[in-house]
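Structure file coords-v3.tsv (TSV, C-alpha atoms and all ligand atoms) is printed below.
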chain	number	residue	atom	x	y	z
A	139	MET	CA	121.95	102.31	102.59
A	140	THR	CA	123.38	99.81	105.04
A	141	ARG	CA	123.19	96.06	105.18
A	142	LEU	CA	121.52	94.49	108.17
A	143	PRO	CA	123.85	92.35	110.30
A	144	GLN	CA	121.22	90.75	112.59
A	145	ASP	CA	120.10	88.06	110.13
A	146	PRO	CA	123.01	87.28	107.78
A	147	THR	CA	121.19	84.67	105.69
A	148	LEU	CA	118.02	86.72	105.20
A	149	ALA	CA	119.00	88.23	101.84
A	150	ALA	CA	119.88	84.82	100.41
A	151	ASP	CA	116.72	83.23	101.80
A	152	LEU	CA	114.60	86.02	100.32
A	153	ALA	CA	116.38	85.82	96.96
A	154	ARG	CA	115.71	82.07	96.87
A	155	THR	CA	112.05	82.46	97.81
A	156	ILE	CA	110.87	85.51	95.83
A	157	ARG	CA	109.33	84.37	92.54
A	158	ASP	CA	110.26	86.03	89.25
A	159	VAL	CA	107.36	86.30	86.84
A	160	ALA	CA	108.37	87.40	83.35
A	161	ASP	CA	106.22	89.83	81.37
A	162	PHE	CA	103.80	90.66	84.19
A	163	PRO	CA	101.74	92.85	84.32
A	164	LYS	CA	102.95	93.74	80.82
A	165	PRO	CA	105.64	92.64	78.37
A	166	GLY	CA	109.19	93.50	79.44
A	167	ILE	CA	108.48	93.71	83.19
A	168	GLY	CA	110.13	91.15	85.47
A	169	PHE	CA	107.67	91.01	88.36
A	170	LYS	CA	109.00	90.20	91.84
A	171	ASP	CA	106.27	88.11	93.45
A	172	ILE	CA	106.53	88.24	97.25
A	173	THR	CA	103.60	85.88	97.93
A	174	PRO	CA	105.94	82.86	98.48
A	175	VAL	CA	107.59	84.87	101.28
A	176	LEU	CA	104.19	85.39	102.93
A	177	LEU	CA	103.51	81.63	102.69
A	178	ASP	CA	106.63	80.91	104.76
A	179	GLY	CA	105.64	82.12	108.24
A	180	ALA	CA	109.18	82.11	109.64
A	181	LEU	CA	110.62	84.00	106.68
A	182	PHE	CA	107.75	86.51	106.70
A	183	ARG	CA	108.46	87.14	110.39
A	184	ARG	CA	112.23	87.51	109.81
A	185	THR	CA	111.51	89.98	106.99
A	186	THR	CA	109.36	92.32	109.08
A	187	ASP	CA	111.63	91.90	112.13
A	188	ALA	CA	114.63	92.97	110.01
A	189	LEU	CA	112.82	96.06	108.71
A	190	ALA	CA	111.82	96.98	112.28
A	191	ALA	CA	115.35	96.36	113.59
A	192	ALA	CA	116.84	98.64	110.94
A	193	PHE	CA	114.77	101.57	112.25
A	194	ARG	CA	114.51	100.66	115.95
A	195	ASP	CA	116.75	103.58	116.99
A	196	ALA	CA	115.41	106.04	114.41
A	197	GLY	CA	112.72	107.61	116.61
A	198	VAL	CA	109.86	106.31	114.45
A	199	THR	CA	106.42	107.46	115.62
A	200	HIS	CA	104.34	106.13	112.68
A	201	VAL	CA	104.78	103.47	110.00
A	202	LEU	CA	103.27	104.45	106.62
A	203	GLY	CA	102.45	101.51	104.34
A	204	ILE	CA	102.08	102.04	100.59
A	205	GLU	CA	98.99	100.34	99.09
A	206	SER	CA	98.83	97.48	98.87
A	207	ARG	CA	101.84	95.27	99.55
A	208	GLY	CA	103.24	97.96	101.84
A	209	PHE	CA	100.25	97.25	104.11
A	210	ILE	CA	101.24	93.58	104.43
A	211	PHE	CA	104.80	94.37	105.52
A	212	GLY	CA	104.15	97.73	107.19
A	213	ALA	CA	101.53	96.67	109.74
A	214	PRO	CA	103.76	94.05	111.43
A	215	VAL	CA	106.66	96.53	111.41
A	216	ALA	CA	104.46	99.09	113.19
A	217	GLN	CA	103.50	96.48	115.79
A	218	ALA	CA	107.13	95.43	116.28
A	219	LEU	CA	108.11	99.07	116.83
A	220	GLY	CA	105.09	99.72	119.05
A	221	VAL	CA	103.83	102.64	116.93
A	222	GLY	CA	100.75	103.43	114.87
A	223	PHE	CA	100.16	102.44	111.25
A	224	VAL	CA	99.02	104.85	108.52
A	225	PRO	CA	97.78	103.58	105.13
A	226	LEU	CA	98.92	105.53	102.05
A	227	ARG	CA	96.13	104.73	99.60
A	228	LYS	CA	95.33	105.05	95.93
A	229	PRO	CA	92.84	107.85	95.10
A	230	GLY	CA	89.22	107.50	96.15
A	231	LYS	CA	89.75	105.01	98.99
A	232	LEU	CA	90.20	107.19	102.09
A	233	PRO	CA	86.92	108.48	103.54
A	234	HIS	CA	88.10	111.51	105.53
A	235	ARG	CA	89.95	114.75	104.64
A	236	ARG	CA	93.11	113.87	102.75
A	237	VAL	CA	96.30	115.13	101.12
A	238	THR	CA	97.04	113.88	97.57
A	239	GLU	CA	100.38	113.59	95.82
A	240	ARG	CA	100.56	112.66	92.13
A	241	TYR	CA	103.51	110.89	90.51
A	242	ASP	CA	104.46	109.94	86.98
A	243	LEU	CA	104.47	106.38	85.71
A	244	GLU	CA	106.07	105.13	82.49
A	245	TYR	CA	102.70	105.78	80.84
A	246	GLY	CA	100.41	108.25	82.60
A	247	SER	CA	100.34	109.06	86.30
A	248	ASP	CA	99.00	107.79	89.61
A	249	ALA	CA	98.57	109.25	93.09
A	250	LEU	CA	98.84	108.42	96.77
A	251	GLU	CA	96.67	109.88	99.50
A	252	VAL	CA	96.91	110.17	103.28
A	253	HIS	CA	94.38	111.33	105.85
A	254	SER	CA	95.42	114.89	106.68
A	255	ASP	CA	95.00	114.32	110.43
A	256	ALA	CA	97.06	111.09	110.49
A	257	ILE	CA	100.51	112.65	110.86
A	258	GLY	CA	101.72	116.17	111.52
A	259	ALA	CA	104.45	118.22	113.15
A	260	GLY	CA	106.35	116.12	115.68
A	261	ALA	CA	105.70	112.86	113.84
A	262	ARG	CA	108.60	110.87	112.41
A	263	ALA	CA	107.46	108.58	109.63
A	264	LEU	CA	108.86	105.30	108.35
A	265	ILE	CA	107.61	104.46	104.83
A	266	ILE	CA	107.33	100.74	104.00
A	267	ASP	CA	106.74	99.00	100.66
A	268	ASP	CA	107.67	95.70	99.01
A	269	VAL	CA	109.69	96.85	95.97
A	270	LEU	CA	111.74	99.93	95.03
A	271	ALA	CA	111.95	100.16	91.25
A	272	THR	CA	112.10	103.68	89.74
A	273	GLY	CA	111.48	105.13	93.22
A	274	GLY	CA	108.61	107.28	91.96
A	275	THR	CA	106.05	105.81	94.35
A	276	ALA	CA	108.28	106.09	97.41
A	277	ALA	CA	109.29	109.65	96.44
A	278	ALA	CA	105.60	110.61	96.32
A	279	ALA	CA	105.19	109.10	99.79
A	280	VAL	CA	108.13	111.21	101.01
A	281	ARG	CA	106.47	114.35	99.58
A	282	LEU	CA	103.23	113.45	101.39
A	283	VAL	CA	105.15	113.23	104.68
A	284	GLU	CA	106.72	116.64	104.02
A	285	ARG	CA	103.38	118.22	103.07
A	286	CYS	CA	101.88	116.96	106.35
A	287	GLY	CA	104.66	118.79	108.21
A	288	ALA	CA	106.09	115.53	109.59
A	289	GLY	CA	109.69	114.31	109.67
A	290	LEU	CA	111.02	111.29	107.79
A	291	ALA	CA	112.83	108.46	109.58
A	292	GLY	CA	113.39	106.65	106.31
A	293	VAL	CA	112.16	104.23	103.69
A	294	GLY	CA	112.27	100.46	104.23
A	295	VAL	CA	111.58	97.90	101.51
A	296	VAL	CA	112.02	94.18	101.07
A	297	ILE	CA	113.42	94.33	97.51
A	298	ASP	CA	115.29	96.92	95.48
A	299	LEU	CA	115.94	96.75	91.77
A	300	GLY	CA	119.49	98.10	91.65
A	301	PHE	CA	119.46	98.68	87.88
A	302	LEU	CA	116.68	101.27	88.19
A	303	PRO	CA	117.17	104.89	89.34
A	304	TRP	CA	115.46	104.80	92.75
A	305	ARG	CA	118.58	106.14	94.52
A	306	GLU	CA	118.37	109.45	92.62
A	307	ARG	CA	114.67	109.83	93.46
A	308	LEU	CA	115.33	109.23	97.16
A	309	LYS	CA	118.50	111.29	97.52
A	310	GLY	CA	118.97	112.45	101.11
A	311	CYS	CA	116.64	109.77	102.54
A	312	THR	CA	117.74	106.87	104.72
A	313	VAL	CA	116.84	103.75	102.72
A	314	GLU	CA	117.05	100.16	103.97
A	315	THR	CA	116.49	97.26	101.61
A	316	LEU	CA	116.73	93.56	102.48
A	317	VAL	CA	117.66	92.09	99.09
A	318	SER	CA	118.87	93.65	95.83
A	319	PHE	CA	118.41	92.34	92.31
B	401	LIG	P1	108.38	102.47	91.49
B	401	LIG	O1	107.48	103.61	91.79
B	401	LIG	O2	108.79	102.36	90.07
B	401	LIG	O3	109.57	102.40	92.44
B	401	LIG	O4	107.53	101.14	91.73
B	401	LIG	C1	107.29	100.70	93.02
B	401	LIG	C2	105.89	100.20	93.18
B	401	LIG	O5	105.46	99.41	92.08
B	401	LIG	C3	105.81	99.31	94.41
B	401	LIG	O6	104.61	99.61	95.09
B	401	LIG	C4	105.84	97.90	93.86
B	401	LIG	O7	104.89	97.10	94.53
B	401	LIG	C5	105.50	98.02	92.39
B	401	LIG	N1	106.53	97.43	91.51
B	401	LIG	C6	107.31	98.10	90.64
B	401	LIG	N2	108.11	97.27	89.96
B	401	LIG	C7	107.83	96.04	90.41
B	401	LIG	C8	108.34	94.72	90.09
B	401	LIG	N3	109.30	94.54	89.17
B	401	LIG	N4	107.84	93.67	90.77
B	401	LIG	C9	106.88	93.85	91.70
B	401	LIG	N5	106.36	95.05	92.03
B	401	LIG	C10	106.83	96.13	91.40
Please rewrite the model in this file as structure tokens.
Amino acid sequence: MTRLPQDPTLAADLARTIRDVADFPKPGIGFKDITPVLLDGALFRRTTDALAAAFRDAGVTHVLGIESRGFIFGAPVAQALGVGFVPLRKPGKLPHRRVTERYDLEYGSDALEVHSDAIGAGARALIIDDVLATGGTAAAAVRLVERCGAGLAGVGVVIDLGFLPWRERLKGCTVETLVSF
């Protein structure tokens, strides 16, 4: 993980703007609400520009956004890099043939799906989401990329929660985060 030199005040501006909501969606969770970032057009733009800049020389051919906040940040990153966008969706949303990868949550499990013809050999995927917490969601996205036979450029997120074990889950992956809590 490297820090991004192009916009030295970005981390502080994000930290100031992201809203902490205690006990949402359940007791004990400190929710990082990115909607105030989206409300600030200049900061939203700097955020997606920084994620694109971090991977500009990484040979990215497709940006994969994780439903749903990964769509908000991933689509502008794809446009900034001049590459296609691929939605990684929750089960039952994609209409065409798909690959499914399940992952464990604190209680129960969830899954991500991708259209099986969206990426393949020769593709180099950049996975984008808003928050890295345990890393389970992003690790499932990495497994989807591998199962499609594509390469991985890396994982880019706005926020990482440094006290949670996402680094272990994403060992060997290039990870760029804009602000750590
Ligand atoms: P994880 O799989 O634990 O890394 O969780 C990452 C996914 O859950 C991302 O898609 C986030 O949007 C969401 N998420 C997890 N923890 C938080 C949090 N504290 N605040 C906001 N979103 C979170």
Using only C-alpha atoms and all ligand atoms, determine which residues fall within 10 Å of ligand LIG 401 (chain B), then list them as a ChimeraX atom specification. /A:157-163,166-172,203-208,241-244,248,266-279,295,297-299,302-305,307,319
What would the file look like if the residues just selected were written as a short mmCIF file (atom, residue, chain, number, x, y, z; two decimals), in the frame of the given file with C-alpha atoms?
data_model
loop_
_atom_site.label_atom_id
_atom_site.label_comp_id
_atom_site.auth_asym_id
_atom_site.auth_seq_id
_atom_site.Cartn_x
_atom_site.Cartn_y
_atom_site.Cartn_z
CA ARG A 157 109.33 84.37 92.54
CA ASP A 158 110.26 86.03 89.25
CA VAL A 159 107.36 86.30 86.84
CA ALA A 160 108.37 87.40 83.35
CA ASP A 161 106.22 89.83 81.37
CA PHE A 162 103.80 90.66 84.19
CA PRO A 163 101.74 92.85 84.32
CA GLY A 166 109.19 93.50 79.44
CA ILE A 167 108.48 93.71 83.19
CA GLY A 168 110.13 91.15 85.47
CA PHE A 169 107.67 91.01 88.36
CA LYS A 170 109.00 90.20 91.84
CA ASP A 171 106.27 88.11 93.45
CA ILE A 172 106.53 88.24 97.25
CA GLY A 203 102.45 101.51 104.34
CA ILE A 204 102.08 102.04 100.59
CA GLU A 205 98.99 100.34 99.09
CA SER A 206 98.83 97.48 98.87
CA ARG A 207 101.84 95.27 99.55
CA GLY A 208 103.24 97.96 101.84
CA TYR A 241 103.51 110.89 90.51
CA ASP A 242 104.46 109.94 86.98
CA LEU A 243 104.47 106.38 85.71
CA GLU A 244 106.07 105.13 82.49
CA ASP A 248 99.00 107.79 89.61
CA ILE A 266 107.33 100.74 104.00
CA ASP A 267 106.74 99.00 100.66
CA ASP A 268 107.67 95.70 99.01
CA VAL A 269 109.69 96.85 95.97
CA LEU A 270 111.74 99.93 95.03
CA ALA A 271 111.95 100.16 91.25
CA THR A 272 112.10 103.68 89.74
CA GLY A 273 111.48 105.13 93.22
CA GLY A 274 108.61 107.28 91.96
CA THR A 275 106.05 105.81 94.35
CA ALA A 276 108.28 106.09 97.41
CA ALA A 277 109.29 109.65 96.44
CA ALA A 278 105.60 110.61 96.32
CA ALA A 279 105.19 109.10 99.79
CA VAL A 295 111.58 97.90 101.51
CA ILE A 297 113.42 94.33 97.51
CA ASP A 298 115.29 96.92 95.48
CA LEU A 299 115.94 96.75 91.77
CA LEU A 302 116.68 101.27 88.19
CA PRO A 303 117.17 104.89 89.34
CA TRP A 304 115.46 104.80 92.75
CA ARG A 305 118.58 106.14 94.52
CA ARG A 307 114.67 109.83 93.46
CA PHE A 319 118.41 92.34 92.31
#
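Shortest atom-to-atom contact with Cys286 (chain A) among A:Asp187, A:Asp145, A:Asp195, A:Asp255: A:Asp255, counting all atoms listed in the file.
Take CA of Ala256 (chain A) and CA of Val215 (chain A): the distance between them is 17.5 Å.
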Nearest to Leu202 (chain A) by atom-to-atom distance, counting only C-alpha atoms, from A:Ala188, A:Leu152, A:Leu181, A:Ala263: A:Ala263
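The shortest atom-to-atom distance to Leu250 (chain A), with all atoms listed in the file taken into account, belongs to A:Val237 out of A:Val175, A:Val237, A:Ala288, A:Ala218.
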10 Å contact set for Cys311 (chain A), all atoms listed in the file, chain neighbours under 3 positions out, as a VMD selection string: chain A and resid 139 277 280 290 to 293 305 307 to 308 314
